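Undergrad: I'd like to ask you about the structure that follows.
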Amino acid sequence: MSHTSSRRQLLRVATRIAAALLTVPAAASCAVGPGGLSGSAPADPSLYPAGSIEVVVPYEAGGATDQMIRLLTEPVAKRLGAEALVVLNQPGGAGTIGTTRVVAASPDGYTLGFVAGGPLTVQPHYGRTIYSPEDLTPVARVGVAPIVLAVPADSAWRTIDDLIASVRAEPGSVRYASTGAGNPANLAMERLDVAAGIDTTQVPFESSAESVTALLGGNVEAAAGVPSGFASSVRSGDLRILANLGSVKGEGYENVPTLRESGYDVATNITSGLIAPKGLPDTYRDEIATAVRDALNDPVLREKFITTGAVPSFGGPEEYAADIAREYTEAGEALHAAGLL
């Protein structure tokens, strides 16, 4: 920790002790805690954060998104001067249940969310969520992962152009596995279909693991998803990444051309970041974002982060808000093109 950061934390501690000594009588007659039981933020912004911060992850524990935030909890808490960042996994509804929890929380800085694209950029289009992207505060972009297309290692296709030529020769002949209609992988392939003027066939599965099993078993010719879903099979030599349908490159697919590099002007990424309830004070938002930026600058953490299949990519509140707005628009266009809306 820098001398400046150490001094800042010491000043905070001194301020908190002084405030506590001045308010002992009041504390004896009312319950207090981080943000107060009412959920309101400390009256003095310099006291934030005064305890632990909950980070809602709307997916199961152990997945790529969960791994990303758990790499960040300790260094971000340390830089903020918080007691801890406590991860709460609340899966369900394609990520909308946990995201709804964040929407409904008090904007006091003690409830954050860590989401990967879909709950903000895809699900609201269906009209089944109580929120839209405007109902949340973008805090910081943390990482970006492309959708990739995997094929068996012995596939005759060596490039995406080979696959496109096969589909043009026999429309509908290429079946690809994904985790269901309207998910980012499906939308990435729909966007490829439009850009290349072809028609591939989706075969939906419940999970990435099932998609990989189907591909290895010869039930489909390809599978679309995030890099982490294929990583172990790529390392074992059973699968290879045929195409990068996004715009960033990471471990295991460094040399695979993106669609734009192959001549098709389209890219589909999954952007992960921290969000907060609407109305979060700018001072809290910016303090959290700065802590995330500093944590991501650590070379050791960045190396660990890359093993999740995503590429660490910090973006401040405005930049992350622009990402969400752009991906929301792109998802809507793809959903309409696919006849899903």
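In the structure tokens, chains take the letters A, B, ... in the order shown, each chain's residues start at 1, and ligands count up from 1 in the order shown.
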Name all residues at most 12 Å from Pro75 in chain A (count only C-alpha atoms; drop same-chain ones fewer than 5 positions away) and give them as a list in words.
TA: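 Surrounding residues, per the criterion: Met1, Ile69, Arg70, Leu80, Gly81, Ala82, Glu83, Ala84, Leu85, Ile288, Thr290, Ala291, Val292, Arg293, Asp294, Ala295, Leu296, Asn297, Asp298, Val300 and Leu301 of chain A.
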Undergrad: Selection from above, C-alpha atoms, as a short mmCIF file (atom, residue, chain, number, x, y, z; two decimals), in the first residue's frame, can you write it?
TA:
data_model
loop_
_atom_site.label_atom_id
_atom_site.label_comp_id
_atom_site.auth_asym_id
_atom_site.auth_seq_id
_atom_site.Cartn_x
_atom_site.Cartn_y
_atom_site.Cartn_z
CA MET A 1 0.00 0.00 0.00
CA ILE A 69 -15.17 -11.14 -8.50
CA ARG A 70 -13.61 -13.42 -5.88
CA LEU A 80 -11.53 0.98 0.08
CA GLY A 81 -10.81 0.45 3.72
CA ALA A 82 -13.89 -1.78 4.02
CA GLU A 83 -14.07 -4.69 6.44
CA ALA A 84 -14.74 -7.04 3.52
CA LEU A 85 -16.50 -7.51 0.21
CA ILE A 288 -15.27 1.98 -5.65
CA THR A 290 -10.84 3.70 -8.30
CA ALA A 291 -10.30 0.73 -5.99
CA VAL A 292 -11.19 -1.65 -8.85
CA ARG A 293 -8.82 0.14 -11.22
CA ASP A 294 -5.95 -0.06 -8.75
CA ALA A 295 -6.62 -3.76 -8.07
CA LEU A 296 -6.64 -4.60 -11.78
CA ASN A 297 -3.28 -2.89 -12.22
CA ASP A 298 -1.65 -5.65 -10.17
CA VAL A 300 -0.21 -11.01 -10.42
CA LEU A 301 -3.97 -10.50 -10.19
#
Undergrad: How would you write, as a ChimeraX atom specification, the set of residues in range 85-330 of chain A that DSSP gives as strand (DSSP E)?
TA: /A:85-89,111-116,136-146,148-152,175-178,201-204,222-225,239-244,269-277,311-315
Undergrad: Using DSSP on the backbone, list every residue of range 29-206 of chain A that comes out as helix (DSSP H, G or I), and give them as a ChimeraX atom specification.
TA: /A:29,45-47,64-80,93-104,118-121,123-126,133-135,160-169,184-196
Undergrad: So that I can see what lies close to Ile53 in chain A, please list as a list in words the residues with an atom at most 7 Å from it, counting only C-alpha atoms and leaving out residues fewer than 2 positions away in the same chain.
TA: Gly51, Val55, Ala84, Leu85, Val86, Tyr110 and Thr111 of chain A
Undergrad: Could the residues in this selection be saved with all heavy atoms as a PDB file, in the first residue's frame?
TA:
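Dumped to part39.pdb:
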ATOM      1  N   GLY A  51     -18.205  -0.568   7.091  1.00  0.00           N
ATOM      2  CA  GLY A  51     -18.347  -1.985   7.411  1.00  0.00           C
ATOM      3  C   GLY A  51     -18.126  -2.832   6.182  1.00  0.00           C
ATOM      4  O   GLY A  51     -17.359  -2.468   5.281  1.00  0.00           O
ATOM      5  N   VAL A  55     -21.709  -8.100  -2.269  1.00  0.00           N
ATOM      6  CA  VAL A  55     -21.655  -8.122  -3.728  1.00  0.00           C
ATOM      7  C   VAL A  55     -22.491  -9.307  -4.213  1.00  0.00           C
ATOM      8  O   VAL A  55     -22.128 -10.463  -3.999  1.00  0.00           O
ATOM      9  CB  VAL A  55     -20.209  -8.249  -4.251  1.00  0.00           C
ATOM     10  CG1 VAL A  55     -20.216  -8.201  -5.777  1.00  0.00           C
ATOM     11  CG2 VAL A  55     -19.332  -7.135  -3.695  1.00  0.00           C
ATOM     12  N   ALA A  84     -14.802  -5.952   4.498  1.00  0.00           N
ATOM     13  CA  ALA A  84     -14.741  -7.043   3.518  1.00  0.00           C
ATOM     14  C   ALA A  84     -15.724  -6.765   2.402  1.00  0.00           C
ATOM     15  O   ALA A  84     -16.665  -5.979   2.566  1.00  0.00           O
ATOM     16  CB  ALA A  84     -15.080  -8.381   4.191  1.00  0.00           C
ATOM     17  N   LEU A  85     -15.498  -7.397   1.261  1.00  0.00           N
ATOM     18  CA  LEU A  85     -16.501  -7.506   0.213  1.00  0.00           C
ATOM     19  C   LEU A  85     -17.004  -8.938   0.274  1.00  0.00           C
ATOM     20  O   LEU A  85     -16.245  -9.885   0.032  1.00  0.00           O
ATOM     21  CB  LEU A  85     -15.906  -7.208  -1.166  1.00  0.00           C
ATOM     22  CG  LEU A  85     -16.120  -5.782  -1.710  1.00  0.00           C
ATOM     23  CD1 LEU A  85     -15.437  -4.769  -0.807  1.00  0.00           C
ATOM     24  CD2 LEU A  85     -15.608  -5.663  -3.138  1.00  0.00           C
ATOM     25  N   VAL A  86     -18.263  -9.111   0.617  1.00  0.00           N
ATOM     26  CA  VAL A  86     -18.837 -10.430   0.845  1.00  0.00           C
ATOM     27  C   VAL A  86     -19.690 -10.832  -0.352  1.00  0.00           C
ATOM     28  O   VAL A  86     -20.673 -10.160  -0.687  1.00  0.00           O
ATOM     29  CB  VAL A  86     -19.705 -10.443   2.117  1.00  0.00           C
ATOM     30  CG1 VAL A  86     -20.277 -11.834   2.357  1.00  0.00           C
ATOM     31  CG2 VAL A  86     -18.887  -9.987   3.325  1.00  0.00           C
ATOM     32  N   TYR A 110     -23.631  -0.202   0.151  1.00  0.00           N
ATOM     33  CA  TYR A 110     -23.375  -1.458   0.860  1.00  0.00           C
ATOM     34  C   TYR A 110     -23.970  -2.678   0.149  1.00  0.00           C
ATOM     35  O   TYR A 110     -23.838  -3.791   0.635  1.00  0.00           O
ATOM     36  CB  TYR A 110     -23.879  -1.366   2.299  1.00  0.00           C
ATOM     37  CG  TYR A 110     -23.038  -0.396   3.094  1.00  0.00           C
ATOM     38  CD1 TYR A 110     -23.469   0.909   3.287  1.00  0.00           C
ATOM     39  CD2 TYR A 110     -21.799  -0.760   3.594  1.00  0.00           C
ATOM     40  CE1 TYR A 110     -22.693   1.826   3.969  1.00  0.00           C
ATOM     41  CE2 TYR A 110     -21.007   0.146   4.286  1.00  0.00           C
ATOM     42  CZ  TYR A 110     -21.451   1.442   4.470  1.00  0.00           C
ATOM     43  OH  TYR A 110     -20.668   2.339   5.136  1.00  0.00           O
ATOM     44  N   THR A 111     -24.615  -2.450  -1.004  1.00  0.00           N
ATOM     45  CA  THR A 111     -25.056  -3.549  -1.863  1.00  0.00           C
ATOM     46  C   THR A 111     -24.627  -3.234  -3.283  1.00  0.00           C
ATOM     47  O   THR A 111     -25.018  -2.211  -3.857  1.00  0.00           O
ATOM     48  CB  THR A 111     -26.582  -3.732  -1.826  1.00  0.00           C
ATOM     49  OG1 THR A 111     -27.006  -4.011  -0.492  1.00  0.00           O
ATOM     50  CG2 THR A 111     -26.999  -4.888  -2.729  1.00  0.00           C
TER      51      THR A 111
END
Undergrad: Closest to Phe230 in chain A among A:Pro107, A:Pro312, A:Gly93, A:Gly252, using only C-alpha atoms?
TA: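 That would be A:Gly252, the residue with the smallest distance to Phe230 in chain A.
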Undergrad: Do you have the CA of Phe114 in chain A-CA of Thr271 in chain A distance handy?
TA: 10.5 Å
Undergrad: Compile the contact shell of range 319-323 of chain A as a VMD selection string: residues with an atom at most 8 Å away, counting only C-alpha atoms, same-chain residues fewer than 3 positions apart removed.
TA: chain A and resid 138 to 141 271 273 315 to 316 326 to 327
Undergrad: Can you tell me which residues surround Pro184 in chain A at a distance of at most 12 Å, considering only C-alpha atoms, apart from same-chain residues fewer than 6 positions away, and format the answer as a compact mmCIF listing (two decimals) with N, CA, C and O atoms, in the first residue's frame?
TA:
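New file around_17.txt:
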# COMPACT_ATOMS: atom_id res chain seq x y z
N ALA A 94 -31.93 -16.59 -15.45
CA ALA A 94 -30.89 -16.10 -16.37
C ALA A 94 -30.19 -14.87 -15.82
O ALA A 94 -29.84 -13.94 -16.55
N ALA A 116 -22.57 -10.27 -15.72
CA ALA A 116 -21.94 -10.52 -17.01
C ALA A 116 -22.99 -10.34 -18.10
O ALA A 116 -23.72 -11.26 -18.44
N GLY A 117 -23.10 -9.15 -18.58
CA GLY A 117 -23.90 -8.87 -19.77
C GLY A 117 -25.39 -9.14 -19.70
O GLY A 117 -26.19 -8.25 -19.44
N GLY A 118 -25.77 -10.40 -19.92
CA GLY A 118 -27.15 -10.80 -20.17
C GLY A 118 -28.23 -10.20 -19.30
O GLY A 118 -29.26 -9.73 -19.82
N PRO A 119 -28.10 -10.22 -17.97
CA PRO A 119 -29.16 -9.67 -17.13
C PRO A 119 -29.47 -8.20 -17.41
O PRO A 119 -30.57 -7.73 -17.14
N LEU A 120 -28.47 -7.48 -17.93
CA LEU A 120 -28.67 -6.06 -18.23
C LEU A 120 -28.96 -5.80 -19.70
O LEU A 120 -29.73 -4.91 -20.03
N THR A 121 -28.33 -6.57 -20.58
CA THR A 121 -28.38 -6.24 -22.00
C THR A 121 -29.31 -7.12 -22.83
O THR A 121 -29.68 -6.75 -23.94
N VAL A 122 -29.69 -8.28 -22.30
CA VAL A 122 -30.56 -9.20 -23.04
C VAL A 122 -31.93 -9.36 -22.38
O VAL A 122 -32.97 -9.10 -23.01
N GLN A 123 -31.95 -9.77 -21.13
CA GLN A 123 -33.20 -10.14 -20.48
C GLN A 123 -34.25 -9.03 -20.43
O GLN A 123 -35.45 -9.30 -20.60
N ALA A 145 -15.05 -10.87 -22.13
CA ALA A 145 -14.80 -12.19 -22.72
C ALA A 145 -15.56 -12.28 -24.04
O ALA A 145 -16.72 -11.87 -24.11
N PRO A 146 -14.93 -12.79 -25.08
CA PRO A 146 -15.64 -12.94 -26.34
C PRO A 146 -16.45 -14.24 -26.34
O PRO A 146 -16.20 -15.15 -25.57
N ILE A 147 -17.43 -14.30 -27.20
CA ILE A 147 -18.03 -15.58 -27.54
C ILE A 147 -17.12 -16.22 -28.59
O ILE A 147 -16.66 -15.54 -29.51
N VAL A 148 -16.82 -17.49 -28.41
CA VAL A 148 -15.98 -18.20 -29.37
C VAL A 148 -16.73 -19.40 -29.92
O VAL A 148 -17.71 -19.86 -29.32
N SER A 178 -25.47 -24.46 -27.96
CA SER A 178 -25.36 -23.28 -27.09
C SER A 178 -26.29 -23.51 -25.91
O SER A 178 -26.97 -24.54 -25.84
N GLU A 190 -26.35 -15.72 -34.44
CA GLU A 190 -27.37 -15.06 -35.26
C GLU A 190 -26.76 -13.85 -35.97
O GLU A 190 -27.04 -13.61 -37.15
N ARG A 191 -25.90 -13.14 -35.27
CA ARG A 191 -25.26 -11.98 -35.88
C ARG A 191 -24.27 -12.41 -36.97
O ARG A 191 -24.13 -11.74 -38.00
N ALA A 224 -20.91 -22.89 -29.45
CA ALA A 224 -20.60 -21.50 -29.19
C ALA A 224 -20.73 -21.22 -27.69
O ALA A 224 -21.63 -21.74 -27.03
N GLY A 225 -19.82 -20.41 -27.16
CA GLY A 225 -19.87 -20.07 -25.74
C GLY A 225 -18.67 -19.26 -25.33
O GLY A 225 -17.87 -18.83 -26.17
N VAL A 226 -18.52 -19.06 -24.04
CA VAL A 226 -17.37 -18.31 -23.54
C VAL A 226 -16.15 -19.22 -23.51
O VAL A 226 -16.27 -20.44 -23.40
N LEU A 245 -15.70 -14.82 -32.03
CA LEU A 245 -16.86 -14.03 -32.45
C LEU A 245 -16.91 -12.67 -31.74
O LEU A 245 -17.85 -11.91 -31.93
N GLY A 246 -15.88 -12.40 -30.92
CA GLY A 246 -15.83 -11.14 -30.19
C GLY A 246 -14.73 -10.23 -30.69
O GLY A 246 -14.35 -10.29 -31.86
N ALA A 267 -19.11 -8.22 -33.82
CA ALA A 267 -18.38 -8.73 -32.65
C ALA A 267 -19.36 -8.85 -31.49
O ALA A 267 -20.17 -7.95 -31.26
N THR A 268 -19.28 -9.96 -30.76
CA THR A 268 -20.14 -10.18 -29.60
C THR A 268 -19.28 -10.54 -28.40
O THR A 268 -18.62 -11.59 -28.40
N ASN A 269 -19.30 -9.68 -27.42
CA ASN A 269 -18.55 -9.89 -26.18
C ASN A 269 -19.51 -9.99 -25.00
O ASN A 269 -20.65 -9.54 -25.07
N ILE A 270 -19.02 -10.55 -23.91
CA ILE A 270 -19.72 -10.50 -22.64
C ILE A 270 -18.90 -9.60 -21.71
O ILE A 270 -17.76 -9.93 -21.37
N THR A 271 -19.47 -8.48 -21.35
CA THR A 271 -18.78 -7.52 -20.50
C THR A 271 -19.24 -7.69 -19.06
O THR A 271 -20.44 -7.67 -18.77
N GLU A 327 -24.33 -2.60 -25.96
CA GLU A 327 -24.64 -4.03 -26.01
C GLU A 327 -26.14 -4.28 -25.87
O GLU A 327 -26.66 -5.25 -26.43
N TYR A 328 -26.83 -3.41 -25.16
CA TYR A 328 -28.29 -3.53 -25.06
C TYR A 328 -28.92 -3.33 -26.44
O TYR A 328 -29.81 -4.10 -26.85
N GLU A 330 -27.42 -3.68 -29.42
CA GLU A 330 -27.01 -4.77 -30.30
C GLU A 330 -27.81 -6.05 -30.01
O GLU A 330 -28.22 -6.76 -30.94
N ALA A 331 -28.04 -6.33 -28.73
CA ALA A 331 -28.81 -7.51 -28.37
C ALA A 331 -30.24 -7.41 -28.87
O ALA A 331 -30.81 -8.38 -29.38
N GLY A 332 -30.83 -6.23 -28.76
CA GLY A 332 -32.19 -6.05 -29.24
C GLY A 332 -32.30 -6.27 -30.74
O GLY A 332 -33.24 -6.92 -31.22
N ALA A 334 -30.32 -8.14 -32.56
CA ALA A 334 -30.12 -9.57 -32.85
C ALA A 334 -31.36 -10.38 -32.47
O ALA A 334 -31.74 -11.32 -33.20
N LEU A 335 -32.00 -10.03 -31.38
CA LEU A 335 -33.21 -10.76 -30.95
C LEU A 335 -34.33 -10.57 -31.97
O LEU A 335 -35.07 -11.52 -32.30
